[in-house]
$ cat work.pdb   # PDB, C-alpha atoms
ATOM      1  CA  MET A   1     194.277 334.106  76.688
ATOM      2  CA  CYS A   2     192.009 335.246  79.463
ATOM      3  CA  THR A   3     191.382 332.299  81.761
ATOM      4  CA  TYR A   4     188.411 333.850  83.603
ATOM      5  CA  LEU A   5     188.864 331.355  86.444
ATOM      6  CA  THR A   6     189.239 333.002  89.841
ATOM      7  CA  GLU A   7     189.808 331.129  93.081
ATOM      8  CA  LYS A   8     188.559 333.046  96.093
ATOM      9  CA  ILE A   9     189.014 332.298  99.773
ATOM     10  CA  GLU A  10     188.022 334.094 102.946
ATOM     11  CA  ALA A  11     191.002 335.491 104.777
ATOM     12  CA  THR A  12     191.971 336.471 108.285
ATOM     13  CA  GLY A  13     195.116 338.506 108.652
ATOM     14  CA  SER A  14     196.522 341.839 107.584
ATOM     15  CA  GLY A  15     198.096 343.324 104.502
ATOM     16  CA  LYS A  16     200.048 346.487 103.899
ATOM     17  CA  GLY A  17     198.745 348.558 101.020
ATOM     18  CA  PRO A  18     199.441 352.070  99.725
ATOM     19  CA  ASP A  19     197.760 353.605 102.781
ATOM     20  CA  GLY A  20     199.314 351.335 105.382
ATOM     21  CA  TRP A  21     198.125 348.198 107.132
ATOM     22  CA  PHE A  22     194.564 346.990 106.818
ATOM     23  CA  PRO A  23     192.668 343.850 107.844
ATOM     24  CA  LEU A  24     192.206 341.285 105.064
ATOM     25  CA  SER A  25     188.871 339.702 104.317
ATOM     26  CA  GLU A  26     189.517 337.719 101.127
ATOM     27  CA  VAL A  27     192.195 336.485  98.770
ATOM     28  CA  THR A  28     191.706 335.909  95.061
ATOM     29  CA  VAL A  29     194.069 333.777  93.008
ATOM     30  CA  TYR A  30     194.098 333.503  89.219
ATOM     31  CA  PHE A  31     196.415 332.744  86.330
ATOM     32  CA  ASP A  32     196.012 335.422  83.698
ATOM     33  CA  HIS A  33     197.532 338.494  82.086
ATOM     34  CA  PRO A  34     199.543 340.627  84.499
ATOM     35  CA  ALA A  35     199.224 344.388  84.863
ATOM     36  CA  HIS A  36     202.935 344.965  85.407
ATOM     37  CA  ALA A  37     205.109 341.838  85.217
ATOM     38  CA  LEU A  38     206.866 341.285  81.911
ATOM     39  CA  ALA A  39     205.234 337.975  81.091
ATOM     40  CA  ASP A  40     202.296 336.907  78.978
ATOM     41  CA  HIS A  41     200.635 335.224  81.943
ATOM     42  CA  THR A  42     201.348 335.157  85.653
ATOM     43  CA  LEU A  43     199.920 333.653  88.803
ATOM     44  CA  ASN A  44     198.239 336.642  90.401
ATOM     45  CA  ILE A  45     197.220 336.983  94.024
ATOM     46  CA  ASP A  46     195.140 339.838  95.398
ATOM     47  CA  PHE A  47     194.959 340.160  99.177
ATOM     48  CA  ARG A  48     191.882 342.334  99.585
ATOM     49  CA  ASN A  49     189.336 343.954 101.791
ATOM     50  CA  PRO A  50     186.508 345.060  99.501
ATOM     51  CA  GLY A  51     184.733 346.634 102.451
ATOM     52  CA  ARG A  52     187.469 349.251 102.506
ATOM     53  CA  GLY A  53     187.304 349.912  98.783
ATOM     54  CA  PRO A  54     189.069 348.514  95.713
ATOM     55  CA  SER A  55     192.388 350.105  96.650
ATOM     56  CA  ALA A  56     192.611 348.047  99.857
ATOM     57  CA  ARG A  57     194.646 345.489  97.967
ATOM     58  CA  VAL A  58     198.075 343.937  98.089
ATOM     59  CA  ALA A  59     198.822 342.451  94.698
ATOM     60  CA  VAL A  60     201.531 340.167  93.423
ATOM     61  CA  GLU A  61     202.122 338.799  89.932
ATOM     62  CA  LEU A  62     204.383 335.741  89.945
ATOM     63  CA  THR A  63     205.870 333.544  87.266
ATOM     64  CA  PRO A  64     204.615 329.953  87.525
ATOM     65  CA  ARG A  65     207.997 328.832  88.851
ATOM     66  CA  THR A  66     207.950 331.460  91.575
ATOM     67  CA  ALA A  67     204.346 330.681  92.453
ATOM     68  CA  ARG A  68     205.087 326.986  92.879
ATOM     69  CA  ALA A  69     208.173 327.767  94.947
ATOM     70  CA  LEU A  70     206.019 330.034  97.112
ATOM     71  CA  VAL A  71     203.518 327.242  97.712
ATOM     72  CA  THR A  72     206.353 324.955  98.791
ATOM     73  CA  ALA A  73     207.886 327.638 100.991
ATOM     74  CA  ILE A  74     204.580 328.337 102.729
ATOM     75  CA  GLU A  75     204.024 324.644 103.389
ATOM     76  CA  SER A  76     207.591 324.259 104.653
ATOM     77  CA  ALA A  77     207.325 327.229 106.982
ATOM     78  CA  LEU A  78     204.058 325.972 108.410
ATOM     79  CA  ALA A  79     205.415 322.434 108.796
ATOM     80  CA  ALA A  80     208.520 323.677 110.593
ATOM     81  CA  ALA A  81     206.512 325.537 113.209
ATOM     82  CA  PRO A  82     205.279 323.676 116.292
ATOM     83  CA  ALA A  83     201.804 322.280 115.741
ATOM     84  CA  ALA A  84     200.790 323.849 118.998
ATOM     85  CA  LEU A  85     201.233 327.214 117.352
ATOM     86  CA  THR A  86     199.746 326.558 113.903
ATOM     87  CA  GLU A  87     196.742 324.619 115.179
ATOM     88  CA  ALA A  88     196.066 326.532 118.340
ATOM     89  CA  ALA A  89     192.766 328.259 118.868
ATOM     90  CA  GLY A  90     192.990 331.663 117.258
ATOM     91  CA  ALA A  91     195.714 330.588 114.866
ATOM     92  CA  GLY A  92     193.260 330.253 112.058
TER      93      GLY A  92
ATOM     94  CA  MET B  93     196.210 363.702  58.315
ATOM     95  CA  ARG B  94     196.505 366.511  60.894
ATOM     96  CA  GLU B  95     196.500 364.255  63.963
ATOM     97  CA  ASP B  96     195.308 367.108  66.200
ATOM     98  CA  LEU B  97     192.944 365.805  68.821
ATOM     99  CA  ILE B  98     191.158 366.499  72.074
ATOM    100  CA  ALA B  99     191.013 363.821  74.779
ATOM    101  CA  GLU B 100     189.042 363.949  78.000
ATOM    102  CA  THR B 101     187.226 361.913  80.620
ATOM    103  CA  ILE B 102     183.460 362.193  80.357
ATOM    104  CA  THR B 103     180.349 360.565  81.790
ATOM    105  CA  ILE B 104     178.002 358.561  79.578
ATOM    106  CA  THR B 105     174.827 356.631  80.213
ATOM    107  CA  GLY B 106     175.445 352.914  80.057
ATOM    108  CA  HIS B 107     173.473 349.755  80.695
ATOM    109  CA  GLY B 108     170.438 350.176  82.892
ATOM    110  CA  GLY B 109     170.707 353.964  82.775
ATOM    111  CA  ASP B 110     173.868 353.877  84.884
ATOM    112  CA  GLU B 111     176.193 356.852  84.652
ATOM    113  CA  ILE B 112     179.666 355.529  83.918
ATOM    114  CA  GLU B 113     183.073 356.986  83.218
ATOM    115  CA  ALA B 114     184.420 356.959  79.668
ATOM    116  CA  TYR B 115     187.457 358.276  77.821
ATOM    117  CA  LEU B 116     186.702 360.296  74.701
ATOM    118  CA  ALA B 117     189.259 361.265  72.084
ATOM    119  CA  ARG B 118     188.108 363.127  68.997
ATOM    120  CA  PRO B 119     189.655 365.027  66.118
ATOM    121  CA  GLN B 120     190.106 368.714  66.762
ATOM    122  CA  GLY B 121     188.209 371.133  64.568
ATOM    123  CA  THR B 122     185.175 370.760  62.382
ATOM    124  CA  GLY B 123     184.427 368.086  59.851
ATOM    125  CA  SER B 124     182.589 364.844  59.440
ATOM    126  CA  PHE B 125     183.872 361.779  61.257
ATOM    127  CA  GLY B 126     182.899 358.259  62.142
ATOM    128  CA  GLY B 127     182.902 356.875  65.655
ATOM    129  CA  VAL B 128     184.699 353.945  67.270
ATOM    130  CA  VAL B 129     183.795 352.329  70.578
ATOM    131  CA  VAL B 130     186.996 350.941  72.085
ATOM    132  CA  ILE B 131     186.525 347.984  74.453
ATOM    133  CA  HIS B 132     189.396 347.626  76.873
ATOM    134  CA  HIS B 133     191.049 344.321  77.704
ATOM    135  CA  MET B 134     190.630 342.395  80.938
ATOM    136  CA  PRO B 135     193.390 344.322  82.778
ATOM    137  CA  GLY B 136     191.094 347.279  82.529
ATOM    138  CA  TYR B 137     190.589 350.887  81.570
ATOM    139  CA  ASP B 138     194.293 351.497  81.474
ATOM    140  CA  ALA B 139     196.863 353.863  80.009
ATOM    141  CA  ALA B 140     197.646 351.516  77.123
ATOM    142  CA  THR B 141     194.032 351.383  75.955
ATOM    143  CA  LYS B 142     193.646 355.151  76.386
ATOM    144  CA  GLU B 143     196.623 355.453  74.054
ATOM    145  CA  ILE B 144     194.834 353.261  71.527
ATOM    146  CA  THR B 145     191.750 355.457  71.892
ATOM    147  CA  ARG B 146     193.791 358.558  71.112
ATOM    148  CA  LYS B 147     195.301 356.786  68.110
ATOM    149  CA  PHE B 148     191.865 356.511  66.545
ATOM    150  CA  ALA B 149     191.285 360.237  67.069
ATOM    151  CA  ALA B 150     194.624 360.997  65.452
ATOM    152  CA  HIS B 151     193.407 359.029  62.461
ATOM    153  CA  GLY B 152     190.209 361.033  62.167
ATOM    154  CA  TYR B 153     187.684 359.100  64.268
ATOM    155  CA  ALA B 154     185.866 360.032  67.445
ATOM    156  CA  ALA B 155     186.763 357.202  69.818
ATOM    157  CA  LEU B 156     185.131 356.420  73.118
ATOM    158  CA  MET B 157     186.231 353.838  75.675
ATOM    159  CA  PRO B 158     183.731 353.115  78.446
ATOM    160  CA  ASN B 159     185.167 352.074  81.796
ATOM    161  CA  LEU B 160     183.555 348.649  82.064
ATOM    162  CA  TYR B 161     184.624 348.354  85.707
ATOM    163  CA  TYR B 162     183.377 351.761  86.847
ATOM    164  CA  ARG B 163     180.462 350.313  88.798
ATOM    165  CA  GLU B 164     182.688 348.048  90.881
ATOM    166  CA  ALA B 165     185.405 350.609  91.520
ATOM    167  CA  PRO B 166     184.648 354.264  90.722
ATOM    168  CA  GLY B 167     187.776 356.348  90.907
ATOM    169  CA  ALA B 168     190.085 353.408  91.563
ATOM    170  CA  SER B 169     193.280 352.772  89.656
ATOM    171  CA  PRO B 170     192.733 350.533  86.609
ATOM    172  CA  ASP B 171     194.468 347.513  88.116
ATOM    173  CA  ASP B 172     192.572 347.765  91.408
ATOM    174  CA  ALA B 173     189.333 348.129  89.468
ATOM    175  CA  ALA B 174     190.152 345.090  87.339
ATOM    176  CA  ALA B 175     190.857 343.054  90.472
ATOM    177  CA  ALA B 176     187.597 344.181  92.058
ATOM    178  CA  ALA B 177     185.568 343.378  88.942
ATOM    179  CA  ARG B 178     187.213 340.000  88.623
ATOM    180  CA  ALA B 179     186.493 339.127  92.249
ATOM    181  CA  GLN B 180     182.827 339.884  91.591
ATOM    182  CA  GLY B 181     182.654 337.589  88.581
ATOM    183  CA  GLY B 182     183.554 339.945  85.741
ATOM    184  CA  VAL B 183     181.380 341.928  83.370
ATOM    185  CA  PRO B 184     178.055 340.277  82.512
ATOM    186  CA  ASP B 185     177.458 340.064  78.761
ATOM    187  CA  GLU B 186     174.147 341.917  79.016
ATOM    188  CA  ARG B 187     175.797 344.832  80.807
ATOM    189  CA  LEU B 188     178.592 344.978  78.240
ATOM    190  CA  VAL B 189     176.078 345.281  75.438
ATOM    191  CA  GLY B 190     174.258 348.060  77.274
ATOM    192  CA  ASP B 191     177.453 349.973  77.878
ATOM    193  CA  VAL B 192     178.531 349.710  74.242
ATOM    194  CA  ALA B 193     175.049 350.838  73.195
ATOM    195  CA  GLY B 194     175.399 353.886  75.425
ATOM    196  CA  ALA B 195     178.840 354.652  74.041
ATOM    197  CA  ALA B 196     177.651 354.257  70.442
ATOM    198  CA  GLY B 197     174.712 356.555  71.104
ATOM    199  CA  HIS B 198     176.993 359.164  72.607
ATOM    200  CA  LEU B 199     179.285 359.025  69.566
ATOM    201  CA  ARG B 200     176.359 359.467  67.188
ATOM    202  CA  SER B 201     175.212 362.525  69.157
ATOM    203  CA  LEU B 202     178.527 364.360  68.836
ATOM    204  CA  PRO B 203     178.682 367.423  66.572
ATOM    205  CA  GLY B 204     180.324 366.343  63.303
ATOM    206  CA  SER B 205     179.359 362.697  63.627
ATOM    207  CA  ASN B 206     178.542 361.078  60.295
ATOM    208  CA  GLY B 207     176.234 358.682  62.123
ATOM    209  CA  LYS B 208     178.464 355.656  61.584
ATOM    210  CA  VAL B 209     179.864 353.790  64.577
ATOM    211  CA  GLY B 210     182.146 350.786  64.772
ATOM    212  CA  VAL B 211     183.520 348.794  67.653
ATOM    213  CA  ILE B 212     186.917 347.289  68.396
ATOM    214  CA  GLY B 213     188.131 345.218  71.305
ATOM    215  CA  TYR B 214     191.271 343.461  72.395
ATOM    216  CA  CYS B 215     191.670 340.132  74.188
ATOM    217  CA  SER B 216     188.478 339.671  76.253
ATOM    218  CA  GLY B 217     187.345 342.838  74.482
ATOM    219  CA  GLY B 218     187.649 341.006  71.159
ATOM    220  CA  ARG B 219     184.991 338.574  72.269
ATOM    221  CA  GLN B 220     182.932 341.496  73.554
ATOM    222  CA  SER B 221     183.307 343.334  70.240
ATOM    223  CA  PHE B 222     181.786 340.331  68.468
ATOM    224  CA  LEU B 223     179.076 340.142  71.119
ATOM    225  CA  ALA B 224     178.216 343.824  70.676
ATOM    226  CA  ALA B 225     178.155 343.545  66.891
ATOM    227  CA  CYS B 226     175.748 340.611  67.162
ATOM    228  CA  SER B 227     173.525 342.460  69.627
ATOM    229  CA  LEU B 228     173.433 346.059  68.362
ATOM    230  CA  ARG B 229     173.111 347.843  65.048
ATOM    231  CA  LEU B 230     176.660 348.904  64.227
ATOM    232  CA  ASP B 231     178.542 349.703  61.026
ATOM    233  CA  ALA B 232     181.794 347.774  61.524
ATOM    234  CA  ALA B 233     183.413 345.564  64.141
ATOM    235  CA  VAL B 234     186.968 344.442  64.830
ATOM    236  CA  ASP B 235     187.801 341.419  66.951
ATOM    237  CA  CYS B 236     191.442 341.385  68.043
ATOM    238  CA  TYR B 237     192.242 337.872  69.269
ATOM    239  CA  GLY B 238     189.077 337.447  71.253
ATOM    240  CA  GLY B 239     188.843 333.971  72.727
ATOM    241  CA  ALA B 240     185.859 332.086  74.093
ATOM    242  CA  VAL B 241     183.600 332.921  71.156
ATOM    243  CA  LEU B 242     182.972 329.322  70.123
ATOM    244  CA  LYS B 243     184.694 327.498  72.962
ATOM    245  CA  VAL B 244     184.961 328.465  76.578
ATOM    246  CA  PRO B 245     187.993 327.284  78.595
ATOM    247  CA  GLU B 246     187.177 324.364  80.854
ATOM    248  CA  THR B 247     188.271 326.447  83.803
ATOM    249  CA  ALA B 248     185.785 329.244  83.145
ATOM    250  CA  PRO B 249     182.864 329.795  85.516
ATOM    251  CA  ALA B 250     179.591 328.137  84.564
ATOM    252  CA  SER B 251     178.043 331.551  83.928
ATOM    253  CA  PHE B 252     180.510 332.179  81.129
ATOM    254  CA  LYS B 253     179.124 330.797  77.905
ATOM    255  CA  PRO B 254     180.188 330.645  74.249
ATOM    256  CA  ILE B 255     178.445 333.102  71.906
ATOM    257  CA  GLY B 256     178.905 331.533  68.485
ATOM    258  CA  HIS B 257     175.144 331.012  68.217
ATOM    259  CA  LEU B 258     174.771 334.795  67.919
ATOM    260  CA  ALA B 259     176.664 334.855  64.603
ATOM    261  CA  GLU B 260     173.491 334.873  62.540
ATOM    262  CA  HIS B 261     172.633 338.228  64.128
ATOM    263  CA  LEU B 262     175.911 339.941  63.232
ATOM    264  CA  SER B 263     174.814 343.419  62.134
ATOM    265  CA  CYS B 264     177.919 344.633  60.287
ATOM    266  CA  PRO B 265     181.142 343.586  58.556
ATOM    267  CA  LEU B 266     183.642 341.956  60.913
ATOM    268  CA  LEU B 267     187.428 342.196  60.782
ATOM    269  CA  GLY B 268     189.223 339.505  62.766
ATOM    270  CA  LEU B 269     192.920 339.847  63.623
ATOM    271  CA  PHE B 270     194.548 336.804  65.161
ATOM    272  CA  GLY B 271     197.942 335.302  65.928
ATOM    273  CA  ALA B 272     198.980 331.998  64.392
ATOM    274  CA  ASP B 273     200.637 330.980  67.661
ATOM    275  CA  ASP B 274     197.633 331.871  69.834
ATOM    276  CA  GLN B 275     195.858 328.971  71.527
ATOM    277  CA  PHE B 276     192.858 330.991  72.754
ATOM    278  CA  PRO B 277     191.598 331.525  70.155
ATOM    279  CA  ALA B 278     193.536 328.910  68.218
ATOM    280  CA  PRO B 279     193.625 329.224  64.413
ATOM    281  CA  GLN B 280     191.314 326.225  64.160
ATOM    282  CA  GLU B 281     188.677 328.014  66.234
ATOM    283  CA  THR B 282     188.839 331.206  64.196
ATOM    284  CA  ALA B 283     188.601 329.127  61.023
ATOM    285  CA  GLU B 284     185.442 327.533  62.424
ATOM    286  CA  LEU B 285     184.038 330.958  63.220
ATOM    287  CA  SER B 286     184.778 332.060  59.669
ATOM    288  CA  GLN B 287     182.929 329.038  58.304
ATOM    289  CA  LEU B 288     180.022 329.766  60.605
ATOM    290  CA  LEU B 289     179.810 333.339  59.325
ATOM    291  CA  ASP B 290     180.069 332.094  55.731
ATOM    292  CA  GLY B 291     177.076 329.903  56.408
ATOM    293  CA  PHE B 292     175.016 332.904  57.431
ATOM    294  CA  GLY B 293     176.326 335.034  54.571
ATOM    295  CA  LYS B 294     177.899 337.487  56.999
ATOM    296  CA  PRO B 295     180.682 339.633  55.512
ATOM    297  CA  HIS B 296     183.942 339.193  57.353
ATOM    298  CA  GLU B 297     187.675 339.363  56.804
ATOM    299  CA  PHE B 298     189.975 337.311  59.019
ATOM    300  CA  HIS B 299     193.762 337.594  59.116
ATOM    301  CA  THR B 300     196.039 335.280  61.080
ATOM    302  CA  PHE B 301     199.582 336.577  61.430
ATOM    303  CA  ALA B 302     202.565 334.228  61.439
ATOM    304  CA  GLY B 303     205.029 334.634  64.282
ATOM    305  CA  ALA B 304     202.442 336.251  66.540
ATOM    306  CA  GLY B 305     200.486 334.947  69.484
ATOM    307  CA  HIS B 306     197.956 336.515  71.788
ATOM    308  CA  ALA B 307     198.069 340.293  72.434
ATOM    309  CA  PHE B 308     200.473 341.106  69.625
ATOM    310  CA  PHE B 309     199.204 344.710  69.505
ATOM    311  CA  ALA B 310     200.211 345.380  73.135
ATOM    312  CA  VAL B 311     203.312 347.585  72.884
ATOM    313  CA  ASP B 312     203.996 347.397  76.628
ATOM    314  CA  ARG B 313     203.996 343.615  76.850
ATOM    315  CA  PRO B 314     206.430 340.892  75.767
ATOM    316  CA  SER B 315     203.710 339.560  73.474
ATOM    317  CA  TYR B 316     204.132 342.598  71.191
ATOM    318  CA  ARG B 317     205.032 341.646  67.625
ATOM    319  CA  VAL B 318     205.850 344.664  65.581
ATOM    320  CA  GLU B 319     205.308 343.114  62.133
ATOM    321  CA  ALA B 320     201.885 341.733  63.015
ATOM    322  CA  ALA B 321     200.885 344.911  64.815
ATOM    323  CA  ASN B 322     201.878 347.144  61.930
ATOM    324  CA  GLU B 323     200.067 344.941  59.428
ATOM    325  CA  GLY B 324     197.100 344.751  61.758
ATOM    326  CA  TRP B 325     196.830 348.504  62.111
ATOM    327  CA  ALA B 326     196.973 348.832  58.318
ATOM    328  CA  LYS B 327     194.059 346.383  58.058
ATOM    329  CA  ILE B 328     192.121 348.379  60.656
ATOM    330  CA  TRP B 329     192.619 351.697  58.859
ATOM    331  CA  ALA B 330     191.542 350.188  55.555
ATOM    332  CA  PHE B 331     188.523 348.487  57.121
ATOM    333  CA  PHE B 332     187.279 351.492  59.074
ATOM    334  CA  GLY B 333     188.113 353.711  56.100
ATOM    335  CA  THR B 334     185.684 351.674  54.025
ATOM    336  CA  HIS B 335     182.900 351.328  56.579
ATOM    337  CA  LEU B 336     183.104 354.332  58.915
ATOM    338  CA  ALA B 337     184.877 357.243  57.276
ATOM    339  CA  GLY B 338     183.239 360.087  55.391
TER     340      GLY B 338
END
$ encode --input "work.pdb" --output "structure tokens"
Amino acid sequence: MCTYLTEKIEATGSGKGPDGWFPLSEVTVYFDHPAHALADHTLNIDFRNPGRGPSARVAVELTPRTARALVTAIESALAAAPAALTEAAGAG
Amino acid sequence: MREDLIAETITITGHGGDEIEAYLARPQGTGSFGGVVVIHHMPGYDAATKEITRKFAAHGYAALMPNLYYREAPGASPDDAAAAARAQGGVPDERLVGDVAGAAGHLRSLPGSNGKVGVIGYCSGGRQSFLAACSLRLDAAVDCYGGAVLKVPETAPASFKPIGHLAEHLSCPLLGLFGADDQFPAPQETAELSQLLDGFGKPHEFHTFAGAGHAFFAVDRPSYRVEAANEGWAKIWAFFGTHLAG
């Protein structure tokens, strides 16, 4: 099925696409058909900067298990870092 | 069947007079042929759907696939374009209808056209094929496992609405090809759609294939089911042969 639902957040950071590094401005997250992964549905994340064109994109297509493990890993990595670093001004 | 064909990227006039990219495949040589508008799936104007477009030409039809994401991402790769279109909310129904109208008009204008034009779509394109057939004067329509016709997933944006109420305006015979294991659309939903069409006296032919789920035609995906796909293609050739050929 096509789920149509797309979560979108504003982003600050950088991504490395086919033409090198670029500043990110948004991230979209959705569970739907992949373009490449051999699965019926995947958790897809697009790190994008639409201001630089549609090709300014870093894409991943993850199985649900991998996606959940990634969420846990991100939370763990952030929790393990000193709060002074993750909550400091400019860390956002 | 000679199977000789010519395939090329062209520009057509779509919704709102916009110039959009489209992929045209047509039989080589002279003769009379029907036209098929091919509506790509949500992953976009990709190689797999271009292959499907060429398949129709090999079978004697002029087939035209508009790039529904061209406005959001001209010249981009299909997957980047799909991501860009998705981030902007997807293709509005009104725009889809306008683009299919432009594609159908282009097919009718081709030398050798017999004036008949059908539409076929896969996945989200299945829903859009039904939408187009309920909104435009066409000669045949095929809905390949299009969900969200009668019921929209709870997770869908508020702007995304069911279109079952358009059934009374269906302008042509409809062939529906579905998987018994699909949940969107589930067999119960397609059965309800069939009953709805019966109520309006709209000619349709629905087939639900055992052992198949969503996207069983997609040869490059694990969802591919060769038995269902082969039977499905046979149904398509018979259906278009009746309503478009000649």
$ resolve_selection --input "work.pdb" --expression "the ChimeraX specification (/B :<7) & /A" --output "PyMOL selection string"
chain A and resi 1-5+28+35+38-40+54-55
$ residues_around --input "work.pdb" --residues "stretch 122-124 of chain B" --least-positions-apart "4" --cutoff "9 Å" --atoms "all atoms listed in the file" --output "list in words"
Gly152, Pro203, Gly204, Ser205, Asn206, Ala337 and Gly338 of chain B
$ residues_near_point --input "work.pdb" --point "(197.3, 339.4, 60.3)" --cutoff "12 Å" --atoms "all atoms listed in the file" --output "PDB file with C-alpha atoms, in the coordinates of the input"
ATOM      1  CA  ASP B 235     187.801 341.419  66.951  1.00  0.00           C
ATOM      2  CA  CYS B 236     191.442 341.385  68.043  1.00  0.00           C
ATOM      3  CA  TYR B 237     192.242 337.872  69.269  1.00  0.00           C
ATOM      4  CA  LEU B 267     187.428 342.196  60.782  1.00  0.00           C
ATOM      5  CA  GLY B 268     189.223 339.505  62.766  1.00  0.00           C
ATOM      6  CA  LEU B 269     192.920 339.847  63.623  1.00  0.00           C
ATOM      7  CA  PHE B 270     194.548 336.804  65.161  1.00  0.00           C
ATOM      8  CA  GLY B 271     197.942 335.302  65.928  1.00  0.00           C
ATOM      9  CA  ALA B 272     198.980 331.998  64.392  1.00  0.00           C
ATOM     10  CA  ASP B 273     200.637 330.980  67.661  1.00  0.00           C
ATOM     11  CA  PRO B 279     193.625 329.224  64.413  1.00  0.00           C
ATOM     12  CA  GLU B 297     187.675 339.363  56.804  1.00  0.00           C
ATOM     13  CA  PHE B 298     189.975 337.311  59.019  1.00  0.00           C
ATOM     14  CA  HIS B 299     193.762 337.594  59.116  1.00  0.00           C
ATOM     15  CA  THR B 300     196.039 335.280  61.080  1.00  0.00           C
ATOM     16  CA  PHE B 301     199.582 336.577  61.430  1.00  0.00           C
ATOM     17  CA  ALA B 302     202.565 334.228  61.439  1.00  0.00           C
ATOM     18  CA  GLY B 303     205.029 334.634  64.282  1.00  0.00           C
ATOM     19  CA  ALA B 304     202.442 336.251  66.540  1.00  0.00           C
ATOM     20  CA  GLY B 305     200.486 334.947  69.484  1.00  0.00           C
ATOM     21  CA  HIS B 306     197.956 336.515  71.788  1.00  0.00           C
ATOM     22  CA  PHE B 308     200.473 341.106  69.625  1.00  0.00           C
ATOM     23  CA  PHE B 309     199.204 344.710  69.505  1.00  0.00           C
ATOM     24  CA  ARG B 317     205.032 341.646  67.625  1.00  0.00           C
ATOM     25  CA  VAL B 318     205.850 344.664  65.581  1.00  0.00           C
ATOM     26  CA  GLU B 319     205.308 343.114  62.133  1.00  0.00           C
ATOM     27  CA  ALA B 320     201.885 341.733  63.015  1.00  0.00           C
ATOM     28  CA  ALA B 321     200.885 344.911  64.815  1.00  0.00           C
ATOM     29  CA  ASN B 322     201.878 347.144  61.930  1.00  0.00           C
ATOM     30  CA  GLU B 323     200.067 344.941  59.428  1.00  0.00           C
ATOM     31  CA  GLY B 324     197.100 344.751  61.758  1.00  0.00           C
ATOM     32  CA  TRP B 325     196.830 348.504  62.111  1.00  0.00           C
ATOM     33  CA  ALA B 326     196.973 348.832  58.318  1.00  0.00           C
ATOM     34  CA  LYS B 327     194.059 346.383  58.058  1.00  0.00           C
ATOM     35  CA  ILE B 328     192.121 348.379  60.656  1.00  0.00           C
TER      36      ILE B 328
END
$ atom_distance --input "work.pdb" --atom1 "atom CA of B:Phe332" --atom2 "atom CA of B:Thr101"
23.9 Å
$ atom_distance --input "work.pdb" --atom1 "atom CA of B:Arg163" --atom2 "atom CA of B:Ser221"
20.0 Å
$ resolve_selection --input "work.pdb" --expression "the PyMOL selection byres ((chain B and resi 115) around 9)" --output "ChimeraX atom specification"
/B:99-103,113-114,116-117,137,142,145,155-159
$ resolve_selection --input "work.pdb" --expression "the PyMOL selection byres ((chain A and resi 32) around 7)" --output "list in words"
Cys2, Thr3, Tyr30, Phe31, His33, Pro34, His41, Thr42 and Leu43 of chain A
$ axis_aligned_box --input "work.pdb" --around "stretch 44-63 of chain A" --padding-each-side "4 Å" --output "AutoDock Vina command-line options"
--center_x 195.3 --center_y 341.8 --center_z 94.9 --size_x 29.1 --size_y 24.6 --size_z 23.2
$ closest_residue --input "work.pdb" --among "A:Ala67, A:Ala84, A:Ala11, A:Ala79" --to "A:Arg48" --atoms "only C-alpha atoms"
A:Ala11
$ atom_distance --input "work.pdb" --atom1 "atom CA of B:Gly207" --atom2 "atom CA of B:Leu97"
19.4 Å
$ closest_residue --input "work.pdb" --among "B:Ala140, B:Leu289, B:Leu202, B:Ala150" --to "B:Ala259" --atoms "all atoms listed in the file"
B:Leu289
$ residues_around --input "work.pdb" --residues "B:Ala195" --least-positions-apart "2" --cutoff "7 Å" --atoms "only C-alpha atoms" --output "compact mmCIF listing (two decimals) with C-alpha atoms, in the frame of the given file"
# COMPACT_ATOMS: atom_id res chain seq x y z
CA ILE B 104 178.00 358.56 79.58
CA VAL B 129 183.80 352.33 70.58
CA LEU B 156 185.13 356.42 73.12
CA PRO B 158 183.73 353.12 78.45
CA ASP B 191 177.45 349.97 77.88
CA VAL B 192 178.53 349.71 74.24
CA ALA B 193 175.05 350.84 73.19
CA GLY B 197 174.71 356.56 71.10
CA HIS B 198 176.99 359.16 72.61
CA LEU B 199 179.28 359.02 69.57
$ residues_near_point --input "work.pdb" --point "(177.6, 338.0, 74.7)" --cutoff "10 Å" --atoms "only C-alpha atoms" --output "ChimeraX atom specification"
/B:184-189,219-227,241,252-258
$ decode --input "work.pdb" --residues "stretch 9-20 of chain A" --atoms "C-alpha atoms" --output "short mmCIF file (atom, residue, chain, number, x, y, z; two decimals), in the first residue's frame"
data_model
loop_
_atom_site.label_atom_id
_atom_site.label_comp_id
_atom_site.auth_asym_id
_atom_site.auth_seq_id
_atom_site.Cartn_x
_atom_site.Cartn_y
_atom_site.Cartn_z
CA ILE A 9 10.97 18.32 10.39
CA GLU A 10 13.24 21.31 9.96
CA ALA A 11 16.89 20.36 10.11
CA THR A 12 20.20 21.95 10.93
CA GLY A 13 23.28 20.03 9.93
CA SER A 14 24.96 18.72 6.81
CA GLY A 15 24.59 15.76 4.50
CA LYS A 16 26.82 14.30 1.85
CA GLY A 17 25.09 13.76 -1.47
CA PRO A 18 26.26 12.86 -4.98
CA ASP A 19 27.92 16.27 -5.36
CA GLY A 20 29.53 16.42 -1.94
#
